[in-house]
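Undergrad: Sharing input_10.tsv (TSV, C-alpha atoms and all ligand atoms) below.
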```
chain	number	residue	atom	x	y	z
B	1	MET	CA	0.00	0.00	0.00
B	2	GLN	CA	1.19	3.49	-0.80
B	3	ALA	CA	1.87	5.57	2.31
B	4	GLY	CA	-0.77	8.21	3.03
B	5	TRP	CA	-0.76	11.35	5.19
B	6	ALA	CA	-1.85	9.35	8.26
B	7	THR	CA	0.60	6.46	7.90
B	8	GLY	CA	2.18	5.63	11.25
B	9	ARG	CA	-0.61	7.24	13.27
B	10	VAL	CA	-2.93	5.31	15.56
B	11	ALA	CA	-6.46	6.67	15.97
B	12	LEU	CA	-9.11	5.77	18.52
B	13	VAL	CA	-12.50	6.63	17.06
B	14	THR	CA	-15.59	6.52	19.27
B	15	GLY	CA	-18.93	6.49	17.48
B	16	ALA	CA	-17.35	4.65	14.56
B	17	THR	CA	-20.56	2.74	13.78
B	18	SER	CA	-22.31	5.73	12.19
B	19	GLY	CA	-22.09	9.35	11.11
B	20	PHE	CA	-18.92	11.35	11.67
B	21	GLY	CA	-17.03	8.58	13.44
B	22	ALA	CA	-17.71	6.05	10.68
B	23	ALA	CA	-16.72	8.54	7.98
B	24	LEU	CA	-13.51	9.51	9.77
B	25	ALA	CA	-12.56	5.89	10.49
B	26	ARG	CA	-12.83	5.11	6.77
B	27	ARG	CA	-10.91	8.25	5.82
B	28	LEU	CA	-8.10	7.51	8.28
B	29	LEU	CA	-7.81	3.91	7.10
B	30	GLY	CA	-7.62	5.15	3.52
B	31	ALA	CA	-4.83	7.52	4.52
B	32	GLY	CA	-2.75	4.76	6.09
B	33	ALA	CA	-3.57	5.09	9.81
B	34	ARG	CA	-4.22	2.28	12.23
B	35	VAL	CA	-7.73	2.69	13.59
B	36	ILE	CA	-9.38	1.36	16.73
B	37	ALA	CA	-13.08	1.64	15.90
B	38	THR	CA	-15.57	1.59	18.75
B	39	GLY	CA	-19.32	1.80	19.30
B	40	ARG	CA	-22.04	-0.31	20.84
B	41	ARG	CA	-23.36	-1.98	17.67
B	42	LYS	CA	-21.21	-5.03	17.05
B	43	ASP	CA	-22.85	-5.77	13.69
B	44	ARG	CA	-21.80	-2.34	12.39
B	45	LEU	CA	-18.25	-2.87	13.63
B	46	ALA	CA	-18.18	-6.29	11.93
B	47	ALA	CA	-19.45	-4.70	8.70
B	48	LEU	CA	-16.69	-2.09	8.85
B	49	GLU	CA	-14.13	-4.87	9.32
B	50	ALA	CA	-15.54	-6.80	6.36
B	51	GLU	CA	-15.45	-3.69	4.19
B	52	ALA	CA	-12.01	-2.43	5.22
B	53	LYS	CA	-10.25	-5.80	5.01
B	54	THR	CA	-7.11	-4.50	6.65
B	55	GLU	CA	-5.08	-5.42	9.69
B	56	ARG	CA	-4.81	-1.70	10.37
B	57	LEU	CA	-8.36	-1.82	11.72
B	58	LEU	CA	-9.12	-3.11	15.21
B	59	VAL	CA	-12.71	-3.09	16.39
B	60	ARG	CA	-13.58	-2.88	20.07
B	61	PRO	CA	-17.25	-2.70	21.07
B	62	MET	CA	-17.87	-0.44	24.03
B	63	ASP	CA	-20.51	1.76	25.59
B	64	VAL	CA	-18.86	5.01	26.64
B	65	ARG	CA	-21.26	5.20	29.60
B	66	ASP	CA	-19.78	2.07	31.11
B	67	ASP	CA	-16.51	2.33	33.02
B	68	ALA	CA	-15.74	-1.39	32.85
B	69	GLU	CA	-16.48	-1.61	29.12
B	70	VAL	CA	-14.23	1.34	28.32
B	71	ALA	CA	-11.44	-0.04	30.50
B	72	ALA	CA	-11.77	-3.50	28.90
B	73	ALA	CA	-11.80	-2.10	25.37
B	74	LEU	CA	-8.63	-0.14	25.96
B	75	ALA	CA	-6.84	-2.80	28.00
B	76	GLY	CA	-4.28	-5.03	26.34
B	77	LEU	CA	-4.29	-3.32	22.98
B	78	PRO	CA	-1.87	-5.03	20.58
B	79	ALA	CA	1.47	-3.18	20.53
B	80	GLU	CA	0.83	-1.72	17.08
B	81	PHE	CA	-2.40	-0.07	18.36
B	82	ALA	CA	-1.30	0.79	21.89
B	83	GLU	CA	0.15	4.24	21.29
B	84	ILE	CA	-2.89	6.31	20.41
B	85	ASP	CA	-2.03	9.52	18.51
B	86	VAL	CA	-5.50	10.65	17.53
B	87	LEU	CA	-8.57	10.52	19.75
B	88	PHE	CA	-11.80	11.33	17.96
B	89	ASN	CA	-14.64	11.58	20.45
B	90	GLY	CA	-17.56	11.06	18.08
B	91	ALA	CA	-19.89	9.03	20.32
B	92	GLY	CA	-22.84	11.14	21.28
B	93	LEU	CA	-26.51	11.78	20.77
B	94	ALA	CA	-29.52	14.01	21.19
B	95	LEU	CA	-32.77	12.57	22.51
B	96	GLY	CA	-36.00	14.47	22.04
B	97	LEU	CA	-36.80	18.06	21.17
B	98	GLY	CA	-39.38	18.71	23.86
B	99	LYS	CA	-39.48	21.72	26.13
B	100	ALA	CA	-37.41	21.47	29.30
B	101	HIS	CA	-40.45	21.13	31.55
B	102	GLU	CA	-41.86	18.34	29.39
B	103	ALA	CA	-38.71	16.45	28.39
B	104	LYS	CA	-38.12	12.93	29.62
B	105	TRP	CA	-35.72	12.90	32.53
B	106	SER	CA	-34.22	9.60	31.33
B	107	ASP	CA	-33.34	11.30	28.01
B	108	TRP	CA	-31.43	14.00	29.86
B	109	GLU	CA	-29.65	11.38	31.93
B	110	THR	CA	-28.63	9.44	28.82
B	111	MET	CA	-27.36	12.54	27.00
B	112	ILE	CA	-25.33	13.66	30.00
B	113	ALA	CA	-23.96	10.15	30.62
B	114	THR	CA	-22.92	9.82	26.98
B	115	ASN	CA	-21.96	13.30	25.75
B	116	VAL	CA	-20.43	14.56	28.99
B	117	THR	CA	-19.35	11.70	31.25
B	118	GLY	CA	-18.60	9.24	28.44
B	119	LEU	CA	-16.51	11.71	26.47
B	120	ALA	CA	-14.62	12.76	29.60
B	121	ARG	CA	-14.09	9.10	30.59
B	122	VAL	CA	-12.50	8.10	27.27
B	123	THR	CA	-10.40	11.26	27.19
B	124	ARG	CA	-9.13	10.72	30.73
B	125	ALA	CA	-8.15	7.15	29.79
B	126	VAL	CA	-6.20	8.13	26.68
B	127	LEU	CA	-4.59	11.41	27.73
B	128	PRO	CA	-1.83	10.12	30.05
B	129	GLY	CA	-0.27	8.08	27.22
B	130	MET	CA	-0.38	11.08	24.91
B	131	VAL	CA	1.34	13.24	27.52
B	132	GLU	CA	3.96	10.55	28.17
B	133	ARG	CA	4.77	10.38	24.46
B	134	ASN	CA	4.30	14.13	24.01
B	135	ARG	CA	2.24	13.46	20.91
B	136	GLY	CA	-1.45	13.55	20.10
B	137	ASP	CA	-4.56	15.13	18.68
B	138	VAL	CA	-7.86	15.16	20.54
B	139	LEU	CA	-10.92	16.05	18.48
B	140	ASN	CA	-14.14	16.41	20.41
B	141	MET	CA	-17.57	16.52	18.78
B	142	SER	CA	-19.33	19.56	20.13
B	143	SER	CA	-21.97	21.41	18.10
B	144	VAL	CA	-23.30	24.84	17.20
B	145	ALA	CA	-25.78	23.97	19.97
B	146	ALA	CA	-22.95	24.65	22.42
B	147	THR	CA	-23.17	28.35	21.67
B	148	TYR	CA	-26.62	29.01	20.20
B	149	PRO	CA	-29.67	28.01	22.22
B	150	TYR	CA	-32.80	26.82	20.43
B	151	PRO	CA	-36.18	25.62	21.67
B	152	GLY	CA	-35.91	21.99	22.74
B	153	GLY	CA	-32.11	22.09	22.76
B	154	ASN	CA	-32.07	22.33	26.56
B	155	ALA	CA	-29.91	19.53	27.99
B	156	TYR	CA	-28.41	18.56	24.61
B	157	GLY	CA	-27.02	22.06	23.99
B	158	ALA	CA	-25.69	22.14	27.54
B	159	THR	CA	-23.80	18.87	27.02
B	160	LYS	CA	-22.20	20.37	23.91
B	161	ALA	CA	-21.23	23.52	25.82
B	162	PHE	CA	-19.48	21.18	28.26
B	163	VAL	CA	-17.57	19.62	25.36
B	164	ARG	CA	-16.46	23.01	24.08
B	165	GLN	CA	-15.33	24.24	27.50
B	166	PHE	CA	-13.73	20.90	28.40
B	167	SER	CA	-11.72	21.09	25.16
B	168	LEU	CA	-10.53	24.62	25.93
B	169	ASN	CA	-9.65	23.63	29.47
B	170	LEU	CA	-7.64	20.66	28.19
B	171	ARG	CA	-5.66	23.17	26.15
B	172	ALA	CA	-4.99	25.13	29.31
B	173	ASP	CA	-3.57	22.03	31.00
B	174	LEU	CA	-1.64	20.80	27.98
B	175	VAL	CA	0.15	24.01	27.14
B	176	GLY	CA	3.85	23.22	26.84
B	177	THR	CA	3.13	19.79	25.33
B	178	ALA	CA	2.76	18.96	21.65
B	179	ILE	CA	-0.81	17.72	22.15
B	180	ARG	CA	-3.50	19.56	20.24
B	181	VAL	CA	-7.17	19.75	21.18
B	182	THR	CA	-10.05	20.89	19.00
B	183	ALA	CA	-13.77	21.20	19.56
B	184	ILE	CA	-15.63	20.46	16.31
B	185	GLU	CA	-18.90	22.39	16.18
B	186	PRO	CA	-21.12	21.60	13.22
B	187	GLY	CA	-24.64	22.68	12.48
B	188	MET	CA	-27.18	20.52	10.64
B	189	CYS	CA	-25.63	17.37	9.26
B	190	GLU	CA	-27.58	14.43	7.88
B	191	THR	CA	-26.36	11.35	9.70
B	192	GLU	CA	-28.41	9.09	11.97
B	193	PHE	CA	-28.47	11.96	14.46
B	194	SER	CA	-32.11	13.01	13.88
B	195	LEU	CA	-33.30	9.43	13.56
B	196	VAL	CA	-31.90	8.82	17.04
B	197	ARG	CA	-33.23	12.13	18.35
B	198	PHE	CA	-36.76	11.21	17.23
B	199	GLY	CA	-36.63	7.65	18.52
B	200	GLY	CA	-36.35	6.00	15.08
B	201	ASP	CA	-39.12	8.08	13.42
B	202	ALA	CA	-37.68	8.34	9.89
B	203	SER	CA	-40.30	10.79	8.64
B	204	ALA	CA	-39.67	13.22	11.54
B	205	ALA	CA	-35.93	12.93	10.86
B	206	ALA	CA	-36.39	13.56	7.12
B	207	LYS	CA	-38.41	16.74	7.83
B	208	VAL	CA	-35.38	18.29	9.59
B	209	TYR	CA	-33.46	18.33	6.30
B	210	ALA	CA	-36.36	18.85	3.87
B	211	GLY	CA	-35.85	21.55	1.23
B	212	MET	CA	-32.30	22.38	2.21
B	213	ARG	CA	-28.87	20.88	1.76
B	214	PRO	CA	-27.44	19.84	5.12
B	215	LEU	CA	-23.79	18.99	5.69
B	216	SER	CA	-22.80	15.38	5.11
B	217	ALA	CA	-20.59	13.30	7.37
B	218	ASP	CA	-17.96	13.54	4.63
B	219	ASP	CA	-18.13	17.35	4.66
B	220	VAL	CA	-17.40	17.40	8.37
B	221	THR	CA	-14.68	14.79	7.90
B	222	ASP	CA	-13.04	17.16	5.39
B	223	VAL	CA	-12.93	19.76	8.18
B	224	VAL	CA	-11.57	17.28	10.73
B	225	VAL	CA	-8.89	16.07	8.33
B	226	SER	CA	-7.90	19.64	7.47
B	227	VAL	CA	-7.44	20.34	11.19
B	228	LEU	CA	-5.38	17.17	11.62
B	229	ARG	CA	-3.18	18.00	8.66
B	230	LEU	CA	-2.21	21.48	9.82
B	231	PRO	CA	1.44	21.96	10.80
B	232	ALA	CA	2.16	20.75	14.33
B	233	HIS	CA	2.56	24.24	15.76
B	234	ILE	CA	-1.03	25.24	14.89
B	235	ASN	CA	-3.90	24.41	17.25
B	236	VAL	CA	-7.46	25.05	16.14
B	237	ASN	CA	-9.25	25.55	19.46
B	238	ALA	CA	-12.76	25.28	18.09
B	239	ILE	CA	-14.21	25.22	14.62
B	240	GLU	CA	-17.82	26.04	13.81
B	241	VAL	CA	-19.34	25.02	10.48
B	242	MET	CA	-22.86	25.23	9.12
B	243	PRO	CA	-24.61	24.54	5.86
B	244	ILE	CA	-24.96	27.78	3.92
B	245	GLN	CA	-28.74	27.43	4.22
B	246	GLN	CA	-28.64	27.47	8.02
B	247	ALA	CA	-28.20	30.64	10.10
B	248	PHE	CA	-29.53	32.25	13.28
B	249	GLY	CA	-32.98	33.25	14.44
B	250	PRO	CA	-33.93	36.49	16.16
B	251	PHE	CA	-34.38	36.67	19.95
B	252	ALA	CA	-37.77	35.37	20.97
B	253	VAL	CA	-40.01	38.00	22.56
B	254	ALA	CA	-43.22	36.99	24.29
B	255	ARG	CA	-45.57	39.95	23.83
B	256	GLY	CA	-48.83	40.56	25.59
B	257	VAL	CA	-48.40	37.79	28.11
B	301	LIG	P1	-24.93	9.26	14.53
B	301	LIG	O1	-26.17	8.90	15.27
B	301	LIG	O2	-24.88	8.96	13.09
B	301	LIG	O3	-23.67	8.57	15.25
B	301	LIG	C1	-23.56	8.58	16.64
B	301	LIG	C2	-22.49	7.60	17.07
B	301	LIG	O4	-22.37	7.65	18.49
B	301	LIG	C3	-22.82	6.17	16.70
B	301	LIG	O5	-21.66	5.55	16.20
B	301	LIG	C4	-23.22	5.54	18.02
B	301	LIG	O6	-22.84	4.17	18.04
B	301	LIG	C5	-22.35	6.33	18.99
B	301	LIG	N1	-22.86	6.27	20.35
B	301	LIG	C6	-24.02	6.80	20.83
B	301	LIG	N2	-24.17	6.47	22.12
B	301	LIG	C7	-23.07	5.73	22.46
B	301	LIG	C8	-22.65	5.10	23.65
B	301	LIG	N3	-23.37	5.15	24.77
B	301	LIG	N4	-21.48	4.42	23.65
B	301	LIG	C9	-20.74	4.35	22.52
B	301	LIG	N5	-21.08	4.92	21.35
B	301	LIG	C10	-22.25	5.60	21.34
B	301	LIG	O7	-24.72	10.81	14.81
B	301	LIG	P2	-23.54	11.82	14.39
B	301	LIG	O8	-22.39	11.15	13.77
B	301	LIG	O9	-24.18	12.95	13.70
B	301	LIG	O10	-23.14	12.33	15.84
B	301	LIG	C11	-21.83	12.22	16.35
B	301	LIG	C12	-21.60	13.38	17.30
B	301	LIG	O11	-21.70	14.59	16.58
B	301	LIG	C13	-22.61	13.48	18.44
B	301	LIG	O12	-21.93	13.85	19.61
B	301	LIG	C14	-23.54	14.60	17.99
B	301	LIG	O13	-24.11	15.25	19.09
B	301	LIG	C15	-22.57	15.49	17.26
B	301	LIG	N6	-23.15	16.42	16.30
B	301	LIG	C16	-24.00	16.00	15.32
B	301	LIG	C17	-24.52	16.92	14.42
B	301	LIG	C18	-25.49	16.54	13.35
B	301	LIG	O14	-26.26	17.40	12.90
B	301	LIG	N7	-25.50	15.31	12.88
B	301	LIG	C19	-24.14	18.33	14.46
B	301	LIG	C20	-23.26	18.66	15.55
B	301	LIG	C21	-22.78	17.73	16.41
B	301	LIG	P3	-23.69	2.98	18.65
B	301	LIG	O15	-25.13	3.35	18.56
B	301	LIG	O16	-23.30	1.80	17.82
B	301	LIG	O17	-23.18	2.88	20.04
B	302	LIG	C1	-26.52	18.97	16.15
B	302	LIG	C2	-26.90	20.21	15.43
B	302	LIG	O1	-28.53	22.14	15.33
B	302	LIG	O2	-29.46	19.91	15.72
B	302	LIG	O3	-25.77	19.26	17.25
B	302	LIG	O4	-28.27	21.02	17.46
B	302	LIG	S1	-28.35	20.83	16.03
```
Any chance you could give the structure as structure tokens?

TA:
Amino acid sequence: MQAGWATGRVALVTGATSGFGAALARRLLGAGARVIATGRRKDRLAALEAEAKTERLLVRPMDVRDDAEVAAALAGLPAEFAEIDVLFNGAGLALGLGKAHEAKWSDWETMIATNVTGLARVTRAVLPGMVERNRGDVLNMSSVAATYPYPGGNAYGATKAFVRQFSLNLRADLVGTAIRVTAIEPGMCETEFSLVRFGGDASAAAKVYAGMRPLSADDVTDVVVSVLRLPAHINVNAIEVMPIQQAFGPFAVARGV
């Protein structure tokens, strides 16, 4: 195989069974990296293995909400996968779009356990090795929802604000090392995100993207790859991207109430 830009790098990709994580895992494999692909759905991981047909791919099922599963997935990695250079924290989800006072508490718990605690758990597990080797890129999936509130975004947006601030605070702790950290903050992107948000309701998910061109997982992967490929002395702290057809609403004003 011809060497690519990522040859010699080892990437841990969470959320590699769908959306951004799946697209990046494929892109990194194509560019010569070794990839540890993770997610809960074993059938998707097996399909990725069957498609990639390369020993540079290692699949490890894990639920980022589960301490023991994360520890087991990262324990005893074969030597050629043990030194993780790139951590892509893609595992995450939104559940529901109801108002805060009507939302399901269990949905909030799941979003916080996944997007906040799960992302922090995986990062905390990988970071010491990066610091020891003085090498690494951490890319955290945040969202435009971190900065811009919208009705029904409530706990989801707050989890993404955590991801943004956590990323910036990692930078504060890692200054003086060669480790880079970036919060990736996309707007509307057609993955399985809305299908998950609406509990598998495909027609509700399709309506989100009707009549406009959303980003694709590949578009966002282009952005992630461009960040990764920058010279080592450049750190992109956060990068916000939207489809051209998406922008901001005015402040809401309740009149006559
Ligand atoms: P997808 O639903 O297509 O992919 C989500 C991925 O997260 C899947 O691989 C899923 O794998 C994984 N995942 C979810 N829960 C867990 C868990 N508990 N443990 C391990 N893996 C888990 O959505 P996207 O790719 O769009 O979303 C990826 C990230 O990007 C999310 O954090 C999302 O909030 C964020 N984002 C998405 C945007 C969009 O418009 N699509 C825009 C901005 C940010 P599995 O189910 O197999 O576990
Ligand atoms: C996903 C994008 O606008 O649905 O984070 O919150 S949005």

Undergrad: Atom C14 of ligand LIG 301 (chain B) and atom CA of Gly153 of chain B are how many Å apart?

TA: 12.3 Å

Undergrad: Which residue is closest to Ser194 of chain B? Choose from B:Val13, B:Met130, B:Leu95, B:Ile84 and count all atoms listed in the file.

TA: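 That would be B:Leu95, the residue with the smallest distance to Ser194 of chain B.
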
Undergrad: Please, which residues in segment 116-159 of chain B fall within 12 Å of segment 16-29 of chain B when counting only C-alpha atoms, and what is the closest atom pair and distance in Å to one decimal for each, ordered by chain then residue number, as JSON lines?

TA:
```
{"residue": "B:Leu139", "atom": "CA", "partner": "B:Gly21", "partner_atom": "CA", "distance": 10.9}
{"residue": "B:Asn140", "atom": "CA", "partner": "B:Gly21", "partner_atom": "CA", "distance": 10.9}
{"residue": "B:Met141", "atom": "CA", "partner": "B:Phe20", "partner_atom": "CA", "distance": 8.9}
{"residue": "B:Ser142", "atom": "CA", "partner": "B:Phe20", "partner_atom": "CA", "distance": 11.8}
```

Undergrad: Mind giving me the straight-line distance from atom CA of Gly39 of chain B to atom CA of Ala71 of chain B in Å, one decimal?

TA: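 If I compute the distance from atom CA of Gly39 of chain B to atom CA of Ala71 of chain B, I get 13.8 Å.
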
Undergrad: Using only C-alpha atoms and all ligand atoms, which residues of the polymer chains come no farther than 7 Å from ligand LIG 302 (chain B)? I'd like the answer as JSON, numbers by chain.

TA: {"B": [143, 144, 145, 153, 157, 186, 187, 188, 189]}

Undergrad: Measuring atom to atom with only C-alpha atoms, identify which of B:Asn154, B:Arg171, B:Leu228, B:Ala75 is nearest to His101 of chain B.

TA: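 Of B:Asn154, B:Arg171, B:Leu228, B:Ala75, the one nearest His101 of chain B, counting only C-alpha atoms, is B:Asn154.
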
Undergrad: So that I can see what lies close to Ala113 of chain B, please list as a list in words the residues with an atom at most 10 Å from it, counting only C-alpha atoms and leaving out residues fewer than 4 positions away in the same chain.

TA: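 Everything that qualifies: Val64, Arg65, Asp66, Gly92, Asp107, Trp108, Glu109, Thr117, Gly118, Leu119, Ala120, Arg121 and Thr159 of chain B.
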
Undergrad: Compare B:Thr54, B:Thr7, B:Thr191, B:Thr110 by their minimum atom-to-atom distance to ligand LIG 301 (chain B), counting all atoms listed in the file, and give me the closest one.

TA: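 Among the listed residues, the smallest separation from ligand LIG 301 (chain B) belongs to B:Thr191.
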
Undergrad: Applying 12 Å and all atoms listed in the file, which residues near Ala232 of chain B remain after dropping the ones on its own chain fewer than 2 positions away? List them as a ChimeraX atom specification.

TA: /B:134-137,177-181,227-230,234-236

Undergrad: Pick out the closest residue to Phe198 of chain B from this set: B:Leu58, B:Ala94, B:Asn169, B:Ala46. Count all atoms listed in the file.

TA: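 Of the candidates, the smallest distance to Phe198 of chain B is held by B:Ala94.
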
Undergrad: For segment 240-249 of chain B, please output as a PyMOL selection string all residues within 12 Å (counting all atoms listed in the file; exclusion window: fewer than 2 positions along the same chain).

TA: chain B and resi 141-151+164+182-190+208-216+219-224+236-238+251-253

Undergrad: Store the residues picked out above in a file with C-alpha atoms, as a PDB file, in the frame of the given file.

TA:
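And here is the file that came out, out27.pdb:
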```pdb
ATOM      1  CA  MET B 141     -17.570  16.520  18.780  1.00  0.00           C
ATOM      2  CA  SER B 142     -19.330  19.560  20.130  1.00  0.00           C
ATOM      3  CA  SER B 143     -21.970  21.410  18.100  1.00  0.00           C
ATOM      4  CA  VAL B 144     -23.300  24.840  17.200  1.00  0.00           C
ATOM      5  CA  ALA B 145     -25.780  23.970  19.970  1.00  0.00           C
ATOM      6  CA  ALA B 146     -22.950  24.650  22.420  1.00  0.00           C
ATOM      7  CA  THR B 147     -23.170  28.350  21.670  1.00  0.00           C
ATOM      8  CA  TYR B 148     -26.620  29.010  20.200  1.00  0.00           C
ATOM      9  CA  PRO B 149     -29.670  28.010  22.220  1.00  0.00           C
ATOM     10  CA  TYR B 150     -32.800  26.820  20.430  1.00  0.00           C
ATOM     11  CA  PRO B 151     -36.180  25.620  21.670  1.00  0.00           C
ATOM     12  CA  ARG B 164     -16.460  23.010  24.080  1.00  0.00           C
ATOM     13  CA  THR B 182     -10.050  20.890  19.000  1.00  0.00           C
ATOM     14  CA  ALA B 183     -13.770  21.200  19.560  1.00  0.00           C
ATOM     15  CA  ILE B 184     -15.630  20.460  16.310  1.00  0.00           C
ATOM     16  CA  GLU B 185     -18.900  22.390  16.180  1.00  0.00           C
ATOM     17  CA  PRO B 186     -21.120  21.600  13.220  1.00  0.00           C
ATOM     18  CA  GLY B 187     -24.640  22.680  12.480  1.00  0.00           C
ATOM     19  CA  MET B 188     -27.180  20.520  10.640  1.00  0.00           C
ATOM     20  CA  CYS B 189     -25.630  17.370   9.260  1.00  0.00           C
ATOM     21  CA  GLU B 190     -27.580  14.430   7.880  1.00  0.00           C
ATOM     22  CA  VAL B 208     -35.380  18.290   9.590  1.00  0.00           C
ATOM     23  CA  TYR B 209     -33.460  18.330   6.300  1.00  0.00           C
ATOM     24  CA  ALA B 210     -36.360  18.850   3.870  1.00  0.00           C
ATOM     25  CA  GLY B 211     -35.850  21.550   1.230  1.00  0.00           C
ATOM     26  CA  MET B 212     -32.300  22.380   2.210  1.00  0.00           C
ATOM     27  CA  ARG B 213     -28.870  20.880   1.760  1.00  0.00           C
ATOM     28  CA  PRO B 214     -27.440  19.840   5.120  1.00  0.00           C
ATOM     29  CA  LEU B 215     -23.790  18.990   5.690  1.00  0.00           C
ATOM     30  CA  SER B 216     -22.800  15.380   5.110  1.00  0.00           C
ATOM     31  CA  ASP B 219     -18.130  17.350   4.660  1.00  0.00           C
ATOM     32  CA  VAL B 220     -17.400  17.400   8.370  1.00  0.00           C
ATOM     33  CA  THR B 221     -14.680  14.790   7.900  1.00  0.00           C
ATOM     34  CA  ASP B 222     -13.040  17.160   5.390  1.00  0.00           C
ATOM     35  CA  VAL B 223     -12.930  19.760   8.180  1.00  0.00           C
ATOM     36  CA  VAL B 224     -11.570  17.280  10.730  1.00  0.00           C
ATOM     37  CA  VAL B 236      -7.460  25.050  16.140  1.00  0.00           C
ATOM     38  CA  ASN B 237      -9.250  25.550  19.460  1.00  0.00           C
ATOM     39  CA  ALA B 238     -12.760  25.280  18.090  1.00  0.00           C
ATOM     40  CA  PHE B 251     -34.380  36.670  19.950  1.00  0.00           C
ATOM     41  CA  ALA B 252     -37.770  35.370  20.970  1.00  0.00           C
ATOM     42  CA  VAL B 253     -40.010  38.000  22.560  1.00  0.00           C
TER      43      VAL B 253
END
```

Undergrad: Suppose you want the space between atom CA of Ala31 of chain B and atom CA of Ala6 of chain B; what is it in Å?

TA: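 Here the two named atoms are 5.1 Å from each other.
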
Undergrad: Nearest residue to ligand LIG 301 (chain B) out of B:Ser203, B:Asn115, B:Gln165, B:Thr123, using only C-alpha atoms and all ligand atoms?

TA: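 Among the listed residues, the smallest separation from ligand LIG 301 (chain B) belongs to B:Asn115.
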
Undergrad: From the set B:Asp173, B:Glu49, B:Glu192, B:Glu83, which residue has the shortest atom-to-atom contact distance to Ala217 of chain B, counting only C-alpha atoms?

TA: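 Checking each candidate against Ala217 of chain B, we get B:Glu192 as the closest.
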
Undergrad: Find the axis-aligned box for ligand LIG 301 (chain B), covering all its listed atoms and adding 5 Å on each side, and write its centre and edge lengths in Å to one decimal as JSON.

TA:
```
{"center_x": -23.5, "center_y": 10.2, "center_z": 18.8, "size_x": 15.5, "size_y": 26.9, "size_z": 21.9}
```

Undergrad: Around (-15.7, -8.1, 14.9) in the file's frame, which residues reach within 12 Å when counting all atoms listed in the file? Return as a ChimeraX atom specification?

TA: /B:17,36-53,57-61
